[in-house]
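Peer 1: Below is the file structure_15.cif, which contains mmCIF, C-alpha atoms.
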data_my_file
#
loop_
_atom_site.label_atom_id
_atom_site.label_comp_id
_atom_site.auth_asym_id
_atom_site.auth_seq_id
_atom_site.Cartn_x
_atom_site.Cartn_y
_atom_site.Cartn_z
CA MET A 1 -5.67 -9.11 10.61
CA LYS A 2 -2.95 -6.50 10.69
CA CYS A 3 -3.60 -3.62 8.32
CA ILE A 4 -2.26 -0.29 7.18
CA ILE A 5 -3.82 2.69 5.43
CA ILE A 6 -2.18 4.74 2.70
CA ASP A 7 -3.96 7.85 1.45
CA ASP A 8 -2.73 11.39 0.97
CA GLU A 9 -6.13 12.81 1.95
CA GLU A 10 -6.55 13.17 5.71
CA THR A 11 -10.33 12.92 5.49
CA ALA A 12 -10.06 9.57 3.73
CA ARG A 13 -7.60 8.25 6.30
CA ALA A 14 -9.86 9.33 9.16
CA ILE A 15 -12.84 7.55 7.62
CA LEU A 16 -10.87 4.36 7.11
CA GLN A 17 -9.48 4.55 10.63
CA GLN A 18 -13.03 4.78 11.94
CA LEU A 19 -14.17 1.77 9.92
CA VAL A 20 -11.11 -0.25 10.92
CA SER A 21 -11.60 0.62 14.60
CA GLU A 22 -15.12 -0.77 14.49
CA ASN A 23 -13.99 -4.14 13.18
CA ALA A 24 -12.69 -6.42 15.93
CA ASN A 25 -10.75 -8.51 13.42
CA LEU A 26 -8.64 -5.60 12.26
CA ASP A 27 -5.56 -4.25 13.96
CA LEU A 28 -4.37 -0.95 12.48
CA LYS A 29 -0.58 -0.86 12.45
CA GLY A 30 -0.01 2.34 10.53
CA SER A 31 -1.58 5.16 8.57
CA PHE A 32 0.48 6.96 5.95
CA ASN A 33 -0.08 10.01 3.79
CA ASN A 34 2.43 8.98 1.14
CA ALA A 35 3.73 5.85 -0.52
CA MET A 36 7.38 6.27 0.45
CA GLU A 37 6.65 6.20 4.17
CA ALA A 38 4.52 3.11 3.64
CA ILE A 39 7.30 1.36 1.74
CA LYS A 40 9.75 2.05 4.57
CA PHE A 41 7.27 0.62 7.05
CA LEU A 42 6.54 -2.46 4.93
CA ASN A 43 10.24 -3.15 4.50
CA LYS A 44 10.53 -3.43 8.28
CA ASN A 45 7.19 -5.17 8.87
CA ASP A 46 6.47 -8.20 6.75
CA ASP A 47 3.47 -9.37 8.75
CA ILE A 48 0.88 -6.96 7.39
CA ASP A 49 -2.19 -8.79 6.09
CA ILE A 50 -4.16 -6.02 4.41
CA MET A 51 -3.27 -2.69 2.90
CA PHE A 52 -5.94 -0.08 2.19
CA LEU A 53 -4.35 1.81 -0.65
CA ASP A 54 -5.37 4.97 -2.44
CA ILE A 55 -4.46 5.03 -6.11
CA HIS A 56 -4.30 8.79 -6.63
CA MET A 57 -1.33 10.13 -4.77
CA PRO A 58 1.02 12.86 -5.94
CA GLY A 59 4.30 11.67 -7.39
CA PHE A 60 4.00 8.01 -6.54
CA THR A 61 0.68 6.32 -7.24
CA GLY A 62 -0.82 3.30 -5.55
CA PHE A 63 0.08 1.18 -8.56
CA ASP A 64 3.69 2.43 -8.39
CA LEU A 65 3.79 1.32 -4.78
CA ILE A 66 2.47 -2.14 -5.60
CA ASP A 67 5.08 -2.52 -8.34
CA THR A 68 7.79 -1.64 -5.83
CA LEU A 69 6.90 -4.29 -3.27
CA GLN A 70 8.39 -7.75 -3.60
CA ASN A 71 5.84 -9.47 -1.41
CA PRO A 72 2.83 -7.19 -1.06
CA PRO A 73 0.02 -8.03 1.35
CA ARG A 74 -3.55 -8.33 0.18
CA ILE A 75 -4.68 -4.97 -1.08
CA ILE A 76 -8.01 -3.20 -1.01
CA LEU A 77 -7.78 -0.27 -3.36
CA THR A 78 -9.59 2.93 -2.59
CA SER A 79 -10.25 5.67 -5.10
CA SER A 80 -12.74 8.36 -6.04
CA ASP A 81 -12.31 7.18 -9.59
CA LYS A 82 -13.95 4.12 -11.11
CA ASN A 83 -11.66 4.23 -14.11
CA PHE A 84 -8.88 2.20 -12.54
CA ALA A 85 -11.00 -0.84 -11.76
CA LEU A 86 -9.90 -2.62 -14.91
CA ALA A 87 -6.23 -1.94 -14.24
CA ALA A 88 -6.73 -3.38 -10.77
CA PHE A 89 -7.58 -6.74 -12.27
CA GLU A 90 -4.01 -6.96 -13.52
CA TYR A 91 -2.80 -7.38 -9.95
CA GLU A 92 -3.71 -10.61 -8.23
CA MET A 93 -2.96 -9.22 -4.76
CA ILE A 94 -5.77 -6.68 -5.17
CA VAL A 95 -8.83 -8.28 -3.67
CA ASP A 96 -11.30 -5.41 -3.98
CA TYR A 97 -11.77 -1.88 -5.22
CA LEU A 98 -13.70 0.63 -3.14
CA VAL A 99 -14.98 3.80 -4.77
CA LYS A 100 -14.96 6.67 -2.26
CA PRO A 101 -17.10 7.51 -0.46
CA PHE A 102 -18.08 3.93 0.36
CA SER A 103 -20.53 2.66 2.93
CA PRO A 104 -19.63 0.64 6.04
CA GLU A 105 -21.46 -2.31 4.44
CA ARG A 106 -19.33 -2.10 1.30
CA PHE A 107 -16.22 -1.90 3.46
CA GLU A 108 -17.23 -5.05 5.33
CA LYS A 109 -17.88 -6.83 2.04
CA ALA A 110 -14.36 -6.00 0.88
CA LEU A 111 -12.97 -7.40 4.12
CA ARG A 112 -14.91 -10.62 3.66
CA LYS A 113 -13.36 -10.96 0.23
CA ALA A 114 -9.92 -10.33 1.67
CA SER A 115 -10.49 -12.93 4.36
CA ASN A 116 -11.39 -15.53 1.80
CA GLU A 117 -8.15 -15.04 -0.10
CA PRO A 118 -5.12 -17.19 0.66
CA GLN A 119 -3.02 -15.93 3.56
CA SER A 120 -0.42 -14.19 1.50
CA ILE A 121 0.58 -13.57 -2.03
CA GLU A 122 3.82 -15.38 -1.33
CA GLN A 123 1.84 -18.49 -0.60
CA LYS A 124 -0.14 -17.89 -3.71
CA SER A 125 2.79 -17.47 -6.02
CA THR A 126 5.24 -19.83 -4.51
CA SER A 127 2.73 -22.22 -5.26
CA GLU A 128 1.89 -21.02 -8.48
CA THR A 129 3.29 -24.29 -7.78
CA MET A 130 0.50 -25.53 -6.24
CA LYS A 131 -1.47 -25.73 -3.71
CA GLN A 132 -3.71 -27.78 -1.66
CA GLU A 133 -3.47 -31.34 -2.59
CA THR A 134 -6.99 -32.48 -2.18
CA GLU A 135 -6.26 -36.10 -2.73
CA ASP A 136 -2.99 -37.90 -3.21
CA ASP A 137 -3.20 -37.82 -6.96
CA GLU A 138 -4.49 -34.30 -7.41
CA MET A 139 -3.02 -30.86 -7.17
CA PHE A 140 -4.07 -27.36 -8.07
CA ILE A 141 -2.05 -25.13 -10.32
CA SER A 142 -2.56 -21.42 -10.87
CA VAL A 143 -3.25 -20.66 -14.50
CA SER A 144 -4.26 -17.14 -15.50
CA ARG A 145 -5.54 -16.50 -11.99
CA ARG A 146 -7.64 -19.65 -11.97
CA LEU A 147 -6.84 -22.61 -9.81
CA VAL A 148 -6.99 -25.62 -12.07
CA LYS A 149 -7.08 -29.15 -10.73
CA ILE A 150 -4.84 -31.63 -12.47
CA THR A 151 -4.18 -35.29 -11.89
CA ILE A 152 -0.57 -35.83 -10.89
CA SER A 153 -0.31 -39.21 -12.54
CA SER A 154 -1.41 -37.64 -15.84
CA ILE A 155 1.68 -35.40 -15.93
CA LYS A 156 4.12 -36.56 -18.56
CA PHE A 157 6.92 -34.15 -17.73
CA ILE A 158 7.65 -30.63 -16.55
CA GLU A 159 10.03 -28.31 -18.31
CA ALA A 160 11.65 -25.14 -16.89
CA ARG A 161 11.12 -22.10 -19.08
CA GLY A 162 12.70 -19.05 -17.47
CA ASP A 163 10.41 -17.80 -14.73
CA TYR A 164 7.77 -20.32 -15.78
CA ILE A 165 7.33 -24.05 -16.01
CA LEU A 166 5.54 -26.01 -18.69
CA ILE A 167 3.49 -28.84 -17.23
CA LYS A 168 2.71 -31.33 -19.96
CA THR A 169 -0.08 -33.77 -19.15
CA ILE A 170 -1.71 -36.47 -21.21
CA SER A 171 -4.52 -34.17 -22.23
CA LYS A 172 -3.21 -30.63 -22.00
CA ASP A 173 -0.21 -28.34 -21.49
CA TYR A 174 -0.11 -25.68 -18.77
CA VAL A 175 2.29 -22.79 -18.33
CA VAL A 176 2.63 -21.78 -14.69
CA HIS A 177 4.68 -19.05 -13.03
CA SER A 178 6.90 -21.20 -10.82
CA THR A 179 10.15 -23.13 -10.70
CA LEU A 180 11.10 -26.78 -11.09
CA LYS A 181 12.36 -26.78 -7.50
CA LYS A 182 9.01 -25.72 -6.11
CA ILE A 183 6.96 -28.21 -8.02
CA GLU A 184 9.46 -31.00 -7.41
CA GLU A 185 8.67 -30.68 -3.70
CA LYS A 186 5.02 -31.37 -4.43
CA LEU A 187 5.50 -34.43 -6.56
CA PRO A 188 5.86 -38.03 -5.33
CA GLY A 189 9.51 -38.99 -5.51
CA SER A 190 8.57 -42.56 -6.34
CA THR A 191 7.38 -41.65 -9.83
CA PHE A 192 8.87 -38.27 -10.63
CA LEU A 193 12.54 -37.65 -11.19
CA LYS A 194 14.59 -34.69 -12.25
CA ILE A 195 16.75 -36.01 -15.07
CA HIS A 196 18.09 -32.69 -16.31
CA ARG A 197 18.36 -29.20 -14.88
CA SER A 198 15.36 -28.24 -17.03
CA PHE A 199 13.24 -31.41 -16.84
CA ILE A 200 11.34 -33.47 -14.32
CA ILE A 201 9.74 -36.53 -15.82
CA ASN A 202 7.08 -39.03 -14.81
CA ILE A 203 9.03 -42.26 -15.11
CA ARG A 204 5.85 -44.23 -15.68
CA MET A 205 5.41 -42.33 -18.95
CA ILE A 206 8.77 -43.34 -20.41
CA ILE A 207 8.45 -45.21 -23.69
CA ASP A 208 12.13 -45.88 -24.17
CA ILE A 209 15.58 -44.71 -23.19
CA GLU A 210 18.26 -44.27 -25.76
CA ASP A 211 21.74 -42.95 -25.09
CA ASN A 212 21.29 -39.76 -23.13
CA SER A 213 17.61 -39.15 -23.76
CA VAL A 214 14.21 -40.57 -22.89
CA LEU A 215 11.15 -40.72 -25.10
CA ILE A 216 7.86 -39.66 -23.52
CA GLY A 217 5.02 -39.51 -26.00
CA LYS A 218 6.58 -37.75 -28.96
CA ASP A 219 8.96 -35.71 -26.85
CA VAL A 220 12.62 -36.53 -26.56
CA ILE A 221 13.98 -35.34 -23.24
CA PRO A 222 17.71 -35.08 -22.46
CA ILE A 223 19.27 -36.87 -19.50
CA SER A 224 22.13 -35.16 -17.72
CA ARG A 225 25.18 -37.33 -17.38
CA SER A 226 25.04 -36.85 -13.62
CA LYS A 227 21.36 -37.90 -13.46
CA ARG A 228 21.58 -41.03 -15.57
CA ALA A 229 22.60 -43.25 -12.68
CA ASP A 230 19.68 -41.96 -10.58
CA LEU A 231 17.26 -42.77 -13.39
CA MET A 232 18.60 -46.27 -13.87
CA LYS A 233 18.39 -46.91 -10.14
CA VAL A 234 14.74 -45.88 -10.00
CA LEU A 235 13.86 -47.90 -13.07
CA ASN A 236 15.35 -50.99 -11.50
CA LEU A 237 12.93 -50.61 -8.64
CA LEU A 238 9.86 -50.67 -10.83
CA MET B 239 -34.00 17.96 -7.69
CA PRO B 240 -30.34 18.17 -6.71
CA LYS B 241 -29.67 16.77 -3.28
CA SER B 242 -28.62 19.39 -0.75
CA PRO B 243 -25.44 18.82 1.22
CA ASN B 244 -26.08 16.86 4.38
CA LEU B 245 -24.37 14.88 7.12
CA ASP B 246 -26.20 11.59 6.53
CA TYR B 247 -23.10 9.72 5.35
CA ILE B 248 -20.98 10.94 8.26
CA LYS B 249 -23.73 9.90 10.68
CA GLN B 250 -23.92 6.51 8.97
CA LEU B 251 -20.17 6.09 9.49
CA SER B 252 -20.24 7.32 13.06
CA GLY B 253 -23.09 5.13 14.28
CA GLY B 254 -23.79 7.87 16.82
CA ASN B 255 -20.15 8.38 17.77
CA LYS B 256 -20.12 12.16 18.22
CA GLU B 257 -16.40 12.23 18.75
CA PHE B 258 -15.83 10.80 15.28
CA GLU B 259 -18.33 13.26 13.77
CA ARG B 260 -16.47 16.16 15.36
CA LYS B 261 -13.15 14.76 14.24
CA ILE B 262 -14.14 14.33 10.59
CA ILE B 263 -15.80 17.76 10.38
CA THR B 264 -12.73 19.34 11.93
CA ILE B 265 -10.49 17.67 9.38
CA ILE B 266 -12.70 18.72 6.47
CA LYS B 267 -12.92 22.29 7.79
CA LYS B 268 -9.14 22.34 7.77
CA GLU B 269 -8.53 20.43 4.52
CA LEU B 270 -11.20 21.86 2.20
CA PRO B 271 -10.14 25.55 2.25
CA VAL B 272 -6.58 24.52 1.42
CA GLU B 273 -7.81 22.44 -1.49
CA ILE B 274 -10.07 25.21 -2.76
CA GLN B 275 -7.22 27.67 -2.58
CA SER B 276 -4.95 25.30 -4.46
CA TYR B 277 -7.67 24.69 -7.07
CA LYS B 278 -8.13 28.44 -7.64
CA LYS B 279 -4.42 29.03 -7.94
CA ASN B 280 -3.97 26.24 -10.48
CA ILE B 281 -7.05 27.07 -12.53
CA SER B 282 -5.95 30.73 -12.72
CA ALA B 283 -2.54 29.60 -13.93
CA ARG B 284 -4.28 27.24 -16.39
CA GLU B 285 -2.46 24.33 -14.76
CA PHE B 286 -5.32 22.04 -15.67
CA GLU B 287 -3.70 18.75 -14.72
CA LYS B 288 -2.89 20.01 -11.23
CA ALA B 289 -6.38 21.47 -10.93
CA ALA B 290 -7.79 18.05 -11.87
CA GLU B 291 -5.80 16.44 -9.04
CA ILE B 292 -7.37 18.85 -6.57
CA ILE B 293 -10.86 18.33 -8.00
CA HIS B 294 -10.28 14.63 -7.44
CA LYS B 295 -9.86 15.23 -3.71
CA ILE B 296 -12.71 17.71 -3.49
CA LYS B 297 -14.91 15.21 -5.32
CA HIS B 298 -14.56 12.83 -2.39
CA LYS B 299 -15.82 15.51 -0.03
CA ILE B 300 -18.70 16.32 -2.36
CA GLY B 301 -19.58 12.62 -2.12
CA ILE B 302 -19.27 12.64 1.66
CA PHE B 303 -21.89 15.40 1.83
CA GLN B 304 -24.04 13.52 -0.71
CA MET B 305 -24.25 16.30 -3.29
CA GLU B 306 -25.23 13.94 -6.08
CA GLU B 307 -25.48 16.40 -8.98
CA ALA B 308 -22.28 18.12 -7.95
CA TYR B 309 -20.54 14.75 -7.72
CA LYS B 310 -21.51 13.85 -11.31
CA LEU B 311 -20.38 17.24 -12.52
CA ALA B 312 -17.08 16.92 -10.65
CA ILE B 313 -16.40 13.68 -12.52
CA ASP B 314 -16.98 15.43 -15.86
CA TYR B 315 -15.03 18.48 -14.81
CA GLU B 316 -12.05 16.45 -13.65
CA GLU B 317 -12.02 14.60 -16.98
CA SER B 318 -12.27 17.79 -19.01
CA LEU B 319 -9.39 19.33 -17.05
CA ARG B 320 -7.26 16.31 -17.82
CA GLU B 321 -8.03 17.02 -21.47
CA LYS B 322 -6.77 20.58 -20.92
CA GLU B 323 -10.22 22.10 -21.10
CA ASP B 324 -12.20 23.86 -18.41
CA ARG B 325 -15.72 23.00 -19.47
CA TYR B 326 -18.16 22.95 -16.53
CA LYS B 327 -15.97 25.44 -14.63
CA GLU B 328 -18.70 28.00 -13.87
CA LYS B 329 -21.28 25.41 -12.87
CA PHE B 330 -18.80 23.48 -10.75
CA GLU B 331 -17.68 26.59 -8.91
CA ILE B 332 -21.28 27.29 -7.92
CA TYR B 333 -21.40 23.85 -6.31
CA LEU B 334 -18.01 24.51 -4.74
CA ARG B 335 -19.34 27.66 -3.05
CA GLN B 336 -22.32 25.67 -1.84
CA LEU B 337 -20.00 23.02 -0.39
CA LYS B 338 -17.74 25.57 1.27
CA SER B 339 -20.68 27.39 2.79
CA PHE B 340 -22.17 24.14 4.12
CA VAL B 341 -18.89 23.01 5.69
CA GLU B 342 -18.38 26.38 7.33
CA SER B 343 -21.85 26.17 8.80
CA CYS B 344 -21.31 22.73 10.33
CA GLU B 345 -21.19 22.89 14.10
CA ILE B 346 -18.33 21.07 15.74
#
What do you get writing this file as structure tokens?

Peer 2:
Amino acid sequence: MKCIIIDDEETARAILQQLVSENANLDLKGSFNNAMEAIKFLNKNDDIDIMFLDIHMPGFTGFDLIDTLQNPPRIILTSSDKNFALAAFEYEMIVDYLVKPFSPERFEKALRKASNEPQSIEQKSTSETMKQETEDDEMFISVSRRLVKITISSIKFIEARGDYILIKTISKDYVVHSTLKKIEEKLPGSTFLKIHRSFIINIRMIIDIEDNSVLIGKDVIPISRSKRADLMKVLNLL
Amino acid sequence: MPKSPNLDYIKQLSGGNKEFERKIITIIKKELPVEIQSYKKNISAREFEKAAEIIHKIKHKIGIFQMEEAYKLAIDYEESLREKEDRYKEKFEIYLRQLKSFVESCEI
């Protein structure tokens, strides 16, 4: 795993470099004493797997750095302060929090946690969409940092809501940070159809169609004029 | 009884690698006096927030040399400085002298 170290304290960097050098799975690609240098490096190198990041740095903190990055790698925070542990939970790319000075055993434990995480945050969030289909009719969605298994055939429809989508199933509604486009790719085209720029429906759930809308459960969903023909074509095949 | 400063943690990290031990001691010998100087300057100027930032770094070194009581006091001192108070100053500075003296005595 390719990694970098960011810490304004030289002693801390030297200790991390030593621990990294003793782990055959780690390949140190850079060590930085300030966040700005690290950002420049990360902008040119998008293949970094792990970032060891100090929180307390003058001017630009570790959290500031995380907020700056569009696609941050997995992060192991390091700090001499336990007080930021709670704040760390707000960031899903942070896989562990090491309080300095930490032991080699604690360092290895953090690495094991990092290794067990998905390969990148991009994978994680693009799939807020979804994730490993375990069986044909199941998928996982990311809800409040939990991966929740849902049955695809139980989905009634999906509605775009800004940066989120509402997945309405027979039993429950889920709001997921994703887009209609991303989830559409995961759904079987034989039963799911985008009938409006904001709606994908499960055509097996349609109760009736009237004018330019379909009724699914108690929800009336609009049909775009341009999508109506597609819907009628699919229905004819059923 | 307060734990005296020692090199146990550095030896644990090094796993017998003397080169690393020399390297880390060299860095601390270089870094600590600068931090202490900066701390003194800021505490004299009653720049408590800046002093707290320096204590934060020194705290890590106190931990490296396993000065348990000093480490706990450094946590309290850092917090008090962030609240614009210098409680624990005298006691902390005794530990700081102890740390400085120990580092200076470390053979490279």

Peer 1: Which residues are close to Arg320 in chain B, i.e. within 7 Å by all atoms listed in the file, leaving aside same-chain residues fewer than 3 positions away? Reply as a list in words.

Peer 2: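 After dropping sequence-adjacent residues, the list is Phe286, Glu287, Ala290, Glu316 and Glu317 of chain B.
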
Peer 1: Within 12 Å of range 170-174 of chain A, counting all atoms listed in the file, which residues qualify if same-chain residues fewer than 5 places away don't, as a PyMOL selection string?

Peer 2: chain A and resi 128-129+140-144+146-161+164-165+202+205+216-218

Peer 1: What residues in chain A have any atom no more than 10 Å from chain B when counting only C-alpha atoms, and can you write them as a list in words?

Peer 2: Asp8, Glu9, Glu10, Thr11, Ala12, Arg13, Ala14, Ile15, Leu16, Gln18, Leu19, Glu22, His56, Met57, Pro58, Ser79, Ser80, Asp81, Lys82, Val99, Lys100, Pro101, Phe102, Ser103, Pro104 and Glu105 of chain A

Peer 1: One number please: CA of Ile6 in chain A to CA of Ile39 in chain A, in Å, one decimal.

Peer 2: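 Calculated distance between CA of Ile6 in chain A and CA of Ile39 in chain A is 10.1 Å.
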
Peer 1: Just give me the gap between CA of Tyr326 in chain B and CA of Val341 in chain B in Å, one decimal is fine.

Peer 2: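 Here the two named atoms are 22.2 Å from each other.
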
Peer 1: Could you spell out the hits of the PyMOL selection byres ((chain B and resi 329) around 12) on the shown file, as a list in words?

Peer 2: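 Against this file, the PyMOL selection byres ((chain B and resi 329) around 12) returns the residues Glu307, Ala308, Tyr309, Lys310, Leu311, Ala312, Asp314, Tyr315, Asp324, Arg325, Tyr326, Lys327, Glu328, Phe330, Glu331, Ile332, Tyr333, Leu334, Arg335 and Gln336 of chain B.
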
Peer 1: Got time to write the residues from that selection, C-alpha atoms, as a PDB file, in the coordinates of the input?

Peer 2:
ATOM      1  CA  GLU B 307     -25.480  16.400  -8.980  1.00  0.00           C
ATOM      2  CA  ALA B 308     -22.280  18.120  -7.950  1.00  0.00           C
ATOM      3  CA  TYR B 309     -20.540  14.750  -7.720  1.00  0.00           C
ATOM      4  CA  LYS B 310     -21.510  13.850 -11.310  1.00  0.00           C
ATOM      5  CA  LEU B 311     -20.380  17.240 -12.520  1.00  0.00           C
ATOM      6  CA  ALA B 312     -17.080  16.920 -10.650  1.00  0.00           C
ATOM      7  CA  ASP B 314     -16.980  15.430 -15.860  1.00  0.00           C
ATOM      8  CA  TYR B 315     -15.030  18.480 -14.810  1.00  0.00           C
ATOM      9  CA  ASP B 324     -12.200  23.860 -18.410  1.00  0.00           C
ATOM     10  CA  ARG B 325     -15.720  23.000 -19.470  1.00  0.00           C
ATOM     11  CA  TYR B 326     -18.160  22.950 -16.530  1.00  0.00           C
ATOM     12  CA  LYS B 327     -15.970  25.440 -14.630  1.00  0.00           C
ATOM     13  CA  GLU B 328     -18.700  28.000 -13.870  1.00  0.00           C
ATOM     14  CA  PHE B 330     -18.800  23.480 -10.750  1.00  0.00           C
ATOM     15  CA  GLU B 331     -17.680  26.590  -8.910  1.00  0.00           C
ATOM     16  CA  ILE B 332     -21.280  27.290  -7.920  1.00  0.00           C
ATOM     17  CA  TYR B 333     -21.400  23.850  -6.310  1.00  0.00           C
ATOM     18  CA  LEU B 334     -18.010  24.510  -4.740  1.00  0.00           C
ATOM     19  CA  ARG B 335     -19.340  27.660  -3.050  1.00  0.00           C
ATOM     20  CA  GLN B 336     -22.320  25.670  -1.840  1.00  0.00           C
TER      21      GLN B 336
END

Peer 1: How many Å lie between CA of Pro73 in chain A and CA of Glu108 in chain A, rounded to one decimal?

Peer 2: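 CA of Glu108 in chain A lies at a distance of 18.0 Å from CA of Pro73 in chain A.
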
Peer 1: Applying the PyMOL selection byres ((chain A and resi 206) around 12) to the file I just gave you, which residues come out? Please list them as a list in words.

Peer 2: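 After applying the PyMOL selection byres ((chain A and resi 206) around 12), what remains is Ile155, Lys156, Phe157, Thr191, Phe192, Leu193, Ile200, Ile201, Asn202, Ile203, Arg204, Met205, Ile207, Asp208, Ile209, Glu210, Ser213, Val214, Leu215, Ile216, Gly217, Lys218, Asp219, Val220, Ile221, Leu231 and Leu235 of chain A.
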
Peer 1: Selected residues, C-alpha atoms, written as a PDB file, keeping the file's coordinate frame, please.

Peer 2:
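To be explicit, this is the file written out as selection_7.pdb:
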ATOM      1  CA  ILE A 155       1.680 -35.400 -15.930  1.00  0.00           C
ATOM      2  CA  LYS A 156       4.120 -36.560 -18.560  1.00  0.00           C
ATOM      3  CA  PHE A 157       6.920 -34.150 -17.730  1.00  0.00           C
ATOM      4  CA  THR A 191       7.380 -41.650  -9.830  1.00  0.00           C
ATOM      5  CA  PHE A 192       8.870 -38.270 -10.630  1.00  0.00           C
ATOM      6  CA  LEU A 193      12.540 -37.650 -11.190  1.00  0.00           C
ATOM      7  CA  ILE A 200      11.340 -33.470 -14.320  1.00  0.00           C
ATOM      8  CA  ILE A 201       9.740 -36.530 -15.820  1.00  0.00           C
ATOM      9  CA  ASN A 202       7.080 -39.030 -14.810  1.00  0.00           C
ATOM     10  CA  ILE A 203       9.030 -42.260 -15.110  1.00  0.00           C
ATOM     11  CA  ARG A 204       5.850 -44.230 -15.680  1.00  0.00           C
ATOM     12  CA  MET A 205       5.410 -42.330 -18.950  1.00  0.00           C
ATOM     13  CA  ILE A 207       8.450 -45.210 -23.690  1.00  0.00           C
ATOM     14  CA  ASP A 208      12.130 -45.880 -24.170  1.00  0.00           C
ATOM     15  CA  ILE A 209      15.580 -44.710 -23.190  1.00  0.00           C
ATOM     16  CA  GLU A 210      18.260 -44.270 -25.760  1.00  0.00           C
ATOM     17  CA  SER A 213      17.610 -39.150 -23.760  1.00  0.00           C
ATOM     18  CA  VAL A 214      14.210 -40.570 -22.890  1.00  0.00           C
ATOM     19  CA  LEU A 215      11.150 -40.720 -25.100  1.00  0.00           C
ATOM     20  CA  ILE A 216       7.860 -39.660 -23.520  1.00  0.00           C
ATOM     21  CA  GLY A 217       5.020 -39.510 -26.000  1.00  0.00           C
ATOM     22  CA  LYS A 218       6.580 -37.750 -28.960  1.00  0.00           C
ATOM     23  CA  ASP A 219       8.960 -35.710 -26.850  1.00  0.00           C
ATOM     24  CA  VAL A 220      12.620 -36.530 -26.560  1.00  0.00           C
ATOM     25  CA  ILE A 221      13.980 -35.340 -23.240  1.00  0.00           C
ATOM     26  CA  LEU A 231      17.260 -42.770 -13.390  1.00  0.00           C
ATOM     27  CA  LEU A 235      13.860 -47.900 -13.070  1.00  0.00           C
TER      28      LEU A 235
END

Peer 1: May I have the residues within 10 Å of Arg112 in chain A as a list in words, using all atoms listed in the file and disregarding those fewer than 5 positions away in the same chain?

Peer 2: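 Skipping anything fewer than 5 positions along the chain leaves Val95, Asp96, Arg106, Phe107 and Glu117 of chain A.
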
Peer 1: From the options A:Lys233, A:Arg197, A:Lys186, A:Lys227, which residue's atoms come nearest to Met139 in chain A, counting all atoms listed in the file?

Peer 2: A:Lys186
